[in-house]
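Containing compact mmCIF, C-alpha atoms: start10.txt.
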# COMPACT_ATOMS: atom_id res chain seq x y z
CA MET A 225 106.14 41.36 96.62
CA LYS A 226 104.15 42.92 99.48
CA LYS A 227 107.41 43.69 101.30
CA ILE A 228 108.78 45.47 98.22
CA LEU A 229 105.62 47.56 97.82
CA LEU A 230 105.72 48.43 101.52
CA ALA A 231 109.33 49.56 101.22
CA ILE A 232 108.53 51.73 98.21
CA SER A 233 105.60 53.29 100.09
CA ILE A 234 107.81 54.13 103.07
CA ILE A 235 110.45 55.72 100.84
CA CYS A 236 107.85 57.81 99.01
CA PHE A 237 106.40 58.92 102.36
CA ILE A 238 109.83 59.98 103.61
CA PHE A 239 110.48 62.10 100.49
CA ILE A 240 107.00 63.59 100.32
CA LEU A 241 106.74 64.49 104.03
CA PRO A 242 109.39 67.28 104.11
CA SER A 243 107.92 68.76 100.95
CA SER A 244 104.46 68.79 102.48
CA LYS A 245 105.78 70.38 105.64
CA PHE A 246 107.54 73.04 103.57
CA ILE A 247 104.36 73.83 101.65
CA GLU A 248 102.42 73.94 104.92
CA GLY A 249 105.03 76.29 106.43
CA GLN A 250 105.06 78.48 103.34
CA THR A 251 101.27 78.75 103.41
CA LYS A 252 101.43 79.76 107.07
CA VAL A 253 103.97 82.51 106.32
CA ASP A 254 101.86 83.77 103.42
CA SER A 255 98.70 83.80 105.52
CA GLU A 256 100.52 85.72 108.27
CA LEU A 257 101.70 88.27 105.73
CA GLU A 258 98.20 88.60 104.32
CA LYS A 259 96.88 89.21 107.82
CA LYS A 260 99.48 91.93 108.45
CA ILE A 261 98.70 93.49 105.08
CA GLU A 262 94.99 93.71 105.93
CA GLU A 263 95.71 95.12 109.39
CA ASN A 264 98.02 97.79 108.02
CA TYR A 265 95.73 98.58 105.11
CA LEU A 266 93.08 99.56 107.64
CA LYS A 267 95.62 101.76 109.43
CA LEU A 268 96.18 103.66 106.18
CA GLN A 269 92.61 104.95 106.56
CA SER A 270 93.33 106.30 110.06
CA LEU A 271 93.27 109.99 110.87
CA ASP A 272 96.02 109.44 113.43
CA PHE A 273 99.43 110.34 111.95
CA TRP A 274 101.39 107.68 113.86
CA GLU A 275 98.98 104.93 112.86
CA LYS A 276 99.50 105.86 109.21
CA TYR A 277 103.24 106.26 109.76
CA ARG A 278 103.60 102.69 111.04
CA ALA A 279 101.47 101.31 108.22
CA VAL A 280 103.36 103.22 105.54
CA TYR A 281 106.66 102.04 106.99
CA PHE A 282 105.42 98.43 106.96
CA PHE A 283 104.39 98.58 103.30
CA SER A 284 107.59 100.36 102.26
CA GLN A 285 109.57 97.33 103.46
CA LEU A 286 107.67 94.89 101.24
CA LYS A 287 108.84 93.86 97.80
CA LYS A 288 106.96 95.18 94.80
CA GLU A 289 105.38 91.79 94.09
CA GLU A 290 104.13 91.55 97.70
CA LEU A 291 102.17 94.80 97.52
CA PRO A 292 98.47 94.34 96.61
CA GLN A 293 97.04 96.70 94.03
CA LYS A 294 94.63 98.20 96.55
CA VAL A 295 97.61 99.21 98.71
CA MET A 296 99.33 100.77 95.70
CA ASP A 297 96.16 102.68 94.79
CA LYS A 298 95.69 103.92 98.36
CA ALA A 299 99.34 104.98 98.60
CA ILE A 300 99.09 106.92 95.33
CA ASP A 301 95.93 108.67 96.56
CA MET A 302 97.69 109.57 99.83
CA PHE A 303 100.77 110.76 97.92
CA LEU A 304 98.74 113.05 95.64
CA LYS A 305 97.05 114.62 98.67
CA GLU A 306 100.41 115.12 100.39
CA ILE A 307 101.75 116.88 97.30
CA GLU A 308 98.88 119.37 97.48
CA ARG A 309 99.60 119.97 101.16
CA ILE A 310 103.31 120.44 100.45
CA LYS A 311 102.51 122.99 97.72
CA ILE A 312 100.43 125.02 100.18
CA PHE A 313 103.13 124.72 102.84
CA ASN A 314 105.75 125.99 100.38
CA GLU A 315 103.61 129.01 99.51
CA TYR A 316 103.55 130.03 103.18
CA ALA A 317 107.17 129.05 103.79
CA ASP A 318 108.38 131.34 100.99
CA LYS A 319 106.96 134.38 102.76
CA PRO A 320 109.14 136.42 105.17
CA GLY A 321 109.06 135.44 108.84
CA MET A 322 109.39 132.40 111.09
CA ILE A 323 107.86 129.12 109.91
CA GLU A 324 105.88 128.70 113.14
CA GLU A 325 104.32 132.15 112.75
CA LYS A 326 103.33 132.04 109.08
CA VAL A 327 102.38 128.39 108.37
CA PRO A 328 98.91 127.14 109.45
CA LYS A 329 99.08 124.75 112.41
CA GLU A 330 97.64 121.83 110.43
CA LEU A 331 100.59 122.07 108.02
CA LEU A 332 103.39 122.55 110.55
CA GLU A 333 104.04 118.80 110.78
CA ILE A 334 105.42 118.95 107.22
CA ASN A 335 108.43 120.75 108.69
CA SER A 336 109.17 117.89 111.11
CA GLN A 337 111.69 115.06 110.76
CA SER A 338 109.02 112.44 111.45
CA TYR A 339 106.93 113.76 108.56
CA GLN A 340 109.92 113.69 106.20
CA GLN A 341 110.50 110.04 107.12
CA TYR A 342 106.81 109.24 106.63
CA TYR A 343 106.80 111.03 103.28
CA GLY A 344 109.94 109.17 102.17
CA TYR A 345 108.39 105.77 103.02
CA LEU A 346 105.22 106.77 101.15
CA CYS A 347 107.28 107.69 98.08
CA GLU A 348 108.99 104.30 98.21
CA ILE A 349 105.61 102.56 97.94
CA VAL A 350 104.44 104.88 95.18
CA GLY A 351 107.67 104.33 93.24
CA LYS A 352 107.14 100.57 93.29
CA SER A 353 103.76 101.10 91.62
CA GLY A 354 105.47 102.22 88.41
CA ASP A 355 102.42 104.39 87.73
CA LEU A 356 103.38 107.02 85.14
CA ARG A 357 100.98 109.56 86.65
CA VAL A 358 103.28 109.97 89.63
CA LEU A 359 106.62 109.96 87.79
CA PRO A 360 106.77 113.75 87.11
CA LEU A 361 105.65 114.45 90.69
CA LEU A 362 108.35 112.21 92.13
CA VAL A 363 110.94 113.96 89.95
CA ASP A 364 109.72 117.34 91.22
CA TYR A 365 109.13 116.44 94.87
CA TYR A 366 111.29 113.39 95.66
CA LEU A 367 114.31 113.11 93.37
CA ASP A 368 115.73 109.85 94.71
CA SER A 369 117.21 106.91 92.78
CA PRO A 370 115.81 104.00 94.89
CA VAL A 371 112.34 105.35 94.10
CA LEU A 372 112.83 106.41 90.47
CA ILE A 373 114.74 103.27 89.52
CA HIS A 374 111.41 101.40 89.32
CA PHE A 375 110.48 103.48 86.25
CA GLY A 376 113.60 102.43 84.33
CA LYS A 377 114.44 104.32 81.16
CA LEU A 378 111.22 106.35 81.40
CA ALA A 379 112.83 108.32 84.23
CA VAL A 380 116.02 109.12 82.30
CA GLU A 381 114.83 112.14 80.29
CA PRO A 382 112.98 113.86 83.18
CA VAL A 383 116.04 113.56 85.45
CA ILE A 384 118.41 114.80 82.73
CA ASN A 385 116.08 117.78 82.29
CA VAL A 386 116.47 118.61 86.00
CA LEU A 387 120.25 118.52 85.64
CA LYS A 388 120.13 120.88 82.67
CA THR A 389 117.51 123.36 83.84
CA ALA A 390 117.32 123.45 87.65
CA ASP A 391 118.40 126.70 89.31
CA ASN A 392 118.87 125.00 92.67
CA PRO A 393 122.33 123.34 93.12
CA THR A 394 120.79 120.78 95.49
CA ARG A 395 118.36 119.70 92.77
CA ARG A 396 121.21 119.39 90.26
CA THR A 397 123.37 117.31 92.60
CA SER A 398 120.37 115.05 93.35
CA ALA A 399 119.86 114.56 89.60
CA ILE A 400 123.55 113.67 89.24
CA SER A 401 123.24 111.03 91.97
CA VAL A 402 120.18 109.47 90.31
CA LEU A 403 121.86 109.36 86.88
CA ARG A 404 124.99 107.86 88.42
CA ASP A 405 122.91 105.08 89.97
CA PHE A 406 121.25 104.41 86.61
CA LEU A 407 124.73 103.71 85.17
CA LYS A 408 126.04 101.48 87.96
CA ASP A 409 126.06 97.71 87.56
CA LYS A 410 123.79 96.02 90.07
CA GLU A 411 122.18 92.65 90.67
CA GLU A 412 118.68 94.11 90.93
CA GLY A 413 117.15 97.25 89.51
CA TYR A 414 117.48 99.29 86.37
CA VAL A 415 120.85 99.62 84.63
CA ALA A 416 120.74 102.00 81.66
CA SER A 417 121.89 100.63 78.33
CA GLY A 418 121.93 101.61 74.67
CA GLU A 419 120.58 105.05 73.79
CA ALA A 420 119.48 105.81 77.36
CA ARG A 421 122.98 105.13 78.67
CA ASP A 422 124.54 107.33 75.98
CA LYS A 423 122.16 110.19 76.87
CA ILE A 424 123.06 109.98 80.54
CA LYS A 425 126.79 109.98 79.83
CA ARG A 426 126.53 112.97 77.47
CA ALA A 427 124.51 114.94 80.03
CA LEU A 428 127.02 114.25 82.80
CA ILE A 429 130.00 115.13 80.61
CA GLU A 430 128.34 118.39 79.52
CA ALA A 431 127.67 119.26 83.16
CA ILE A 432 131.39 119.21 83.97
CA SER A 433 131.55 122.76 82.58
CA GLU A 434 129.07 123.98 85.24
CA LYS A 435 130.18 127.27 86.82
CA ASP A 436 128.89 126.18 90.23
CA HIS A 437 131.76 124.35 91.95
CA TRP A 438 129.39 122.43 94.24
CA THR A 439 127.81 120.81 91.20
CA ARG A 440 131.20 120.03 89.65
CA GLY A 441 132.41 118.53 92.91
CA ALA A 442 129.37 116.25 93.20
CA LEU A 443 129.70 115.35 89.54
CA VAL A 444 133.36 114.33 89.77
CA LYS A 445 132.66 111.98 92.69
CA SER A 446 129.66 110.48 90.89
CA LEU A 447 131.66 109.81 87.73
CA GLY A 448 134.13 107.83 89.81
CA ASP A 449 131.35 105.92 91.54
CA SER A 450 129.53 105.13 88.28
CA GLY A 451 132.04 102.43 87.33
CA ASP A 452 131.98 103.59 83.69
CA ARG A 453 135.53 103.83 82.33
CA ASP A 454 134.44 106.12 79.47
CA PHE A 455 134.67 108.94 82.02
CA ILE A 456 138.44 108.48 82.48
CA PRO A 457 139.49 111.11 79.84
CA VAL A 458 137.05 113.65 81.32
CA LEU A 459 138.33 113.12 84.85
CA GLU A 460 141.94 113.34 83.71
CA LYS A 461 141.24 116.79 82.27
CA VAL A 462 139.47 117.92 85.45
CA ALA A 463 142.34 116.60 87.60
CA GLU A 464 144.74 118.82 85.67
CA SER A 465 142.82 122.04 85.17
CA ASP A 466 139.73 122.56 87.33
CA PRO A 467 139.88 126.25 88.37
CA TYR A 468 138.22 126.08 91.80
CA GLU A 469 140.74 126.92 94.52
CA VAL A 470 140.65 127.54 98.26
CA GLU A 471 143.19 129.20 100.53
CA ARG A 472 144.17 128.35 104.08
CA ASP A 473 146.84 129.33 106.55
CA PRO A 474 149.96 127.13 106.63
CA ILE A 475 149.97 124.36 109.26
CA PRO A 476 153.17 124.49 111.36
CA GLY A 477 155.32 121.44 110.81
CA VAL A 478 153.25 120.35 107.79
CA ASP A 479 153.56 123.13 105.21
CA LYS A 480 157.30 123.60 105.66
CA ASP A 481 157.96 124.91 102.15
CA VAL A 482 155.43 127.76 102.34
CA PRO A 483 157.13 131.17 102.77
CA PRO A 484 156.08 133.30 105.77
CA GLY A 485 152.96 135.36 105.11
CA LYS A 486 151.85 133.16 102.22
CA LYS A 487 148.67 131.08 102.03
CA VAL A 488 148.40 127.44 101.03
CA ILE A 489 146.38 127.07 97.83
CA ARG A 490 144.42 123.87 97.29
CA TYR A 491 142.32 122.55 94.40
CA PRO A 492 139.67 120.30 96.01
CA ILE A 493 137.91 119.27 92.80
CA ARG A 494 141.21 118.29 91.18
CA THR A 495 141.93 116.15 94.23
CA ASP A 496 138.49 114.52 94.03
CA ALA A 497 138.99 113.89 90.31
CA LYS A 498 142.26 112.06 91.04
CA LYS A 499 140.50 109.87 93.61
CA ALA A 500 137.71 109.16 91.10
CA LEU A 501 140.34 108.18 88.51
CA GLU A 502 141.92 105.75 90.96
CA LYS A 503 138.53 104.05 91.36
CA LEU A 504 137.91 103.72 87.64
CA LYS A 505 141.45 102.68 86.75
CA GLY A 506 141.44 100.19 89.61
CA LYS A 507 138.26 98.70 88.16
CA GLU A 508 139.90 98.64 84.72
CA LYS A 509 142.86 96.60 86.05
CA LYS A 510 140.54 94.11 87.78
CA ASN A 511 138.55 93.59 84.61
File written out as C-alpha cells:
Amino acid sequence: MKKILLAISIICFIFILPSSKFIEGQTKVDSELEKKIEENYLKLQSLDFWEKYRAVYFFSQLKKEELPQKVMDKAIDMFLKEIERIKIFNEYADKPGMIEEKVPKELLEINSQSYQQYYGYLCEIVGKSGDLRVLPLLVDYYLDSPVLIHFGKLAVEPVINVLKTADNPTRRTSAISVLRDFLKDKEEGYVASGEARDKIKRALIEAISEKDHWTRGALVKSLGDSGDRDFIPVLEKVAESDPYEVERDPIPGVDKDVPPGKKVIRYPIRTDAKKALEKLKGKEKKN
C-alpha cells in the first residue's frame, strides 16, 4: 500500500512541476513588464523629447489590455496638449513665407519626421483608450484606421462626414481608406455589420460620382480591397464609363497601331476598376 501511495505521489509531482514552473515563469515575465511600464511611465514626465519618444513608442507596442489606466490618462493629457500646439503651428504655417522664418522655434519640431512618428505612436495609445473625448480630435487630426478601429461603430458617422464634407482630397482619400478597413473581414478588430455597414457602403457608392479623379481613383482601389461583392455592379459601370483620361506619346515598338502624330489615350480609373473587379470576382469564385 505504501508503495502504491509513493508511486501516486511521484506521478502527481511530475505533472504538477511543469505547471508550477510555467506559473513561475509567467509571473517573472509579468513582473518584468510591470517594471518596464513603471520605468517608461516616468519617462513620459520627462522634458526631454527623446526620452518621451522612446516611452511613447514602448507603450504603443503594448496590447490594449496591457496598458494601465494611468498610462492611458497620461497619454490622453499629452495628446490634448499636442493638439493645441499643432493648432498654433498651423496658424503660423498658413501665413506666407518659409516655415523656419515664421514658426516659433519651440514649435519647429512639429515639422520634423521624428515628431510625426512620435505623434503617430501617441495617437495609437490614445486610440486604444476608447475615450470618446478624443474621438472627434483623432478624426480631425489623425484619420487612421488602426487608431479609429478601437472605437468601432462610433467612428463610422464621423468618418463618413469627412468623406462627404472635406474640401481636401487627402482627407477624403484617408476617410475612404478607414471606411474600407471597417468593411474588411479580419481576425481582430472592428468589422462593420448591420446598419453601420449599410451606411458605409452607401457613402462609398455615392462618392463614386466625385468630380475629383484622385478621390475616384482611391475609391475604386478601396472597393476592390474591401472584399465586399456588393460593389461589383458599381465597379463594372466605372470600368466601362469613367471619364478621366490621360494622353501620352506613342512608345516605339509598343503602340504600333497609333497613327503618326496621334497621342495614346488611356483611362487609368477604368483600368483600376477592372483590377478591383478581378479581386472581388476572384473572391466570389473561392467562396
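Remark: for Glu434 in chain A, the closest of the candidate residues A:Pro382, A:Pro393, A:Pro476, A:Pro492 is A:Pro393 (distances computed over only C-alpha atoms).
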#### Entry: Contact residues around Met296 in chain A with all atoms listed in the file at 9 Å, ignoring same-chain residues under 6 positions, as a list in words
Ile349, Val350, Lys352 and Ser353 of chain A
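Taking only C-alpha atoms into account, Arg278 in chain A lies nearest to A:Leu266 out of the set A:Leu266, A:Ala416, A:Leu367, A:Ile300.
Residue nearest Asp355 in chain A within the list A:Tyr339, A:Tyr316, A:Phe455, A:Phe375: A:Phe375 [criterion: smallest interatomic distance, all atoms listed in the file].
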### Query
Do you know which residues lie at most 12 Å from (132.0, 121.3, 83.0), with coordinates as in the file and only C-alpha atoms counted, and could you write them as number ranges by chain?
A: 388, 426-444, 458-459, 461-462, 465-468, 493
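Of the residues listed (A:Leu304, A:Ile261, A:Val415, A:Ile384), A:Ile384 shows the shortest atom-to-atom separation from Val363 in chain A; distances use only C-alpha atoms.
The two atoms in question, CA of Ala420 in chain A and CA of Lys503 in chain A, are spaced 23.7 Å apart.
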How big is the axis-aligned box around the listed atoms of range 387-391 of chain A once 8 Å is added on each side, and where is its centre? Give both in Å to one decimal, as AutoDock Vina command-line options.
--center_x 118.8 --center_y 122.6 --center_z 86.0 --size_x 18.9 --size_y 24.2 --size_z 22.6
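Between CA of Glu469 in chain A and CA of Arg490 in chain A the interatomic distance comes to 5.5 Å.
Between CA of Glu256 in chain A and CA of Pro370 in chain A the interatomic distance comes to 27.3 Å.
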### Message
List as a list in words the protein and nucleic acid residues near Asp473 in chain A, meaning an atom at most 8 Å away when all atoms listed in the file are counted, but skip any in the same chain fewer than 6 places from it.
### Response
Lys486, Lys487 and Val488 of chain A
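The shortest atom-to-atom distance to Ser446 in chain A, with all atoms listed in the file taken into account, belongs to A:Asp496 out of A:Asp422, A:Glu308, A:Glu330, A:Asp496.
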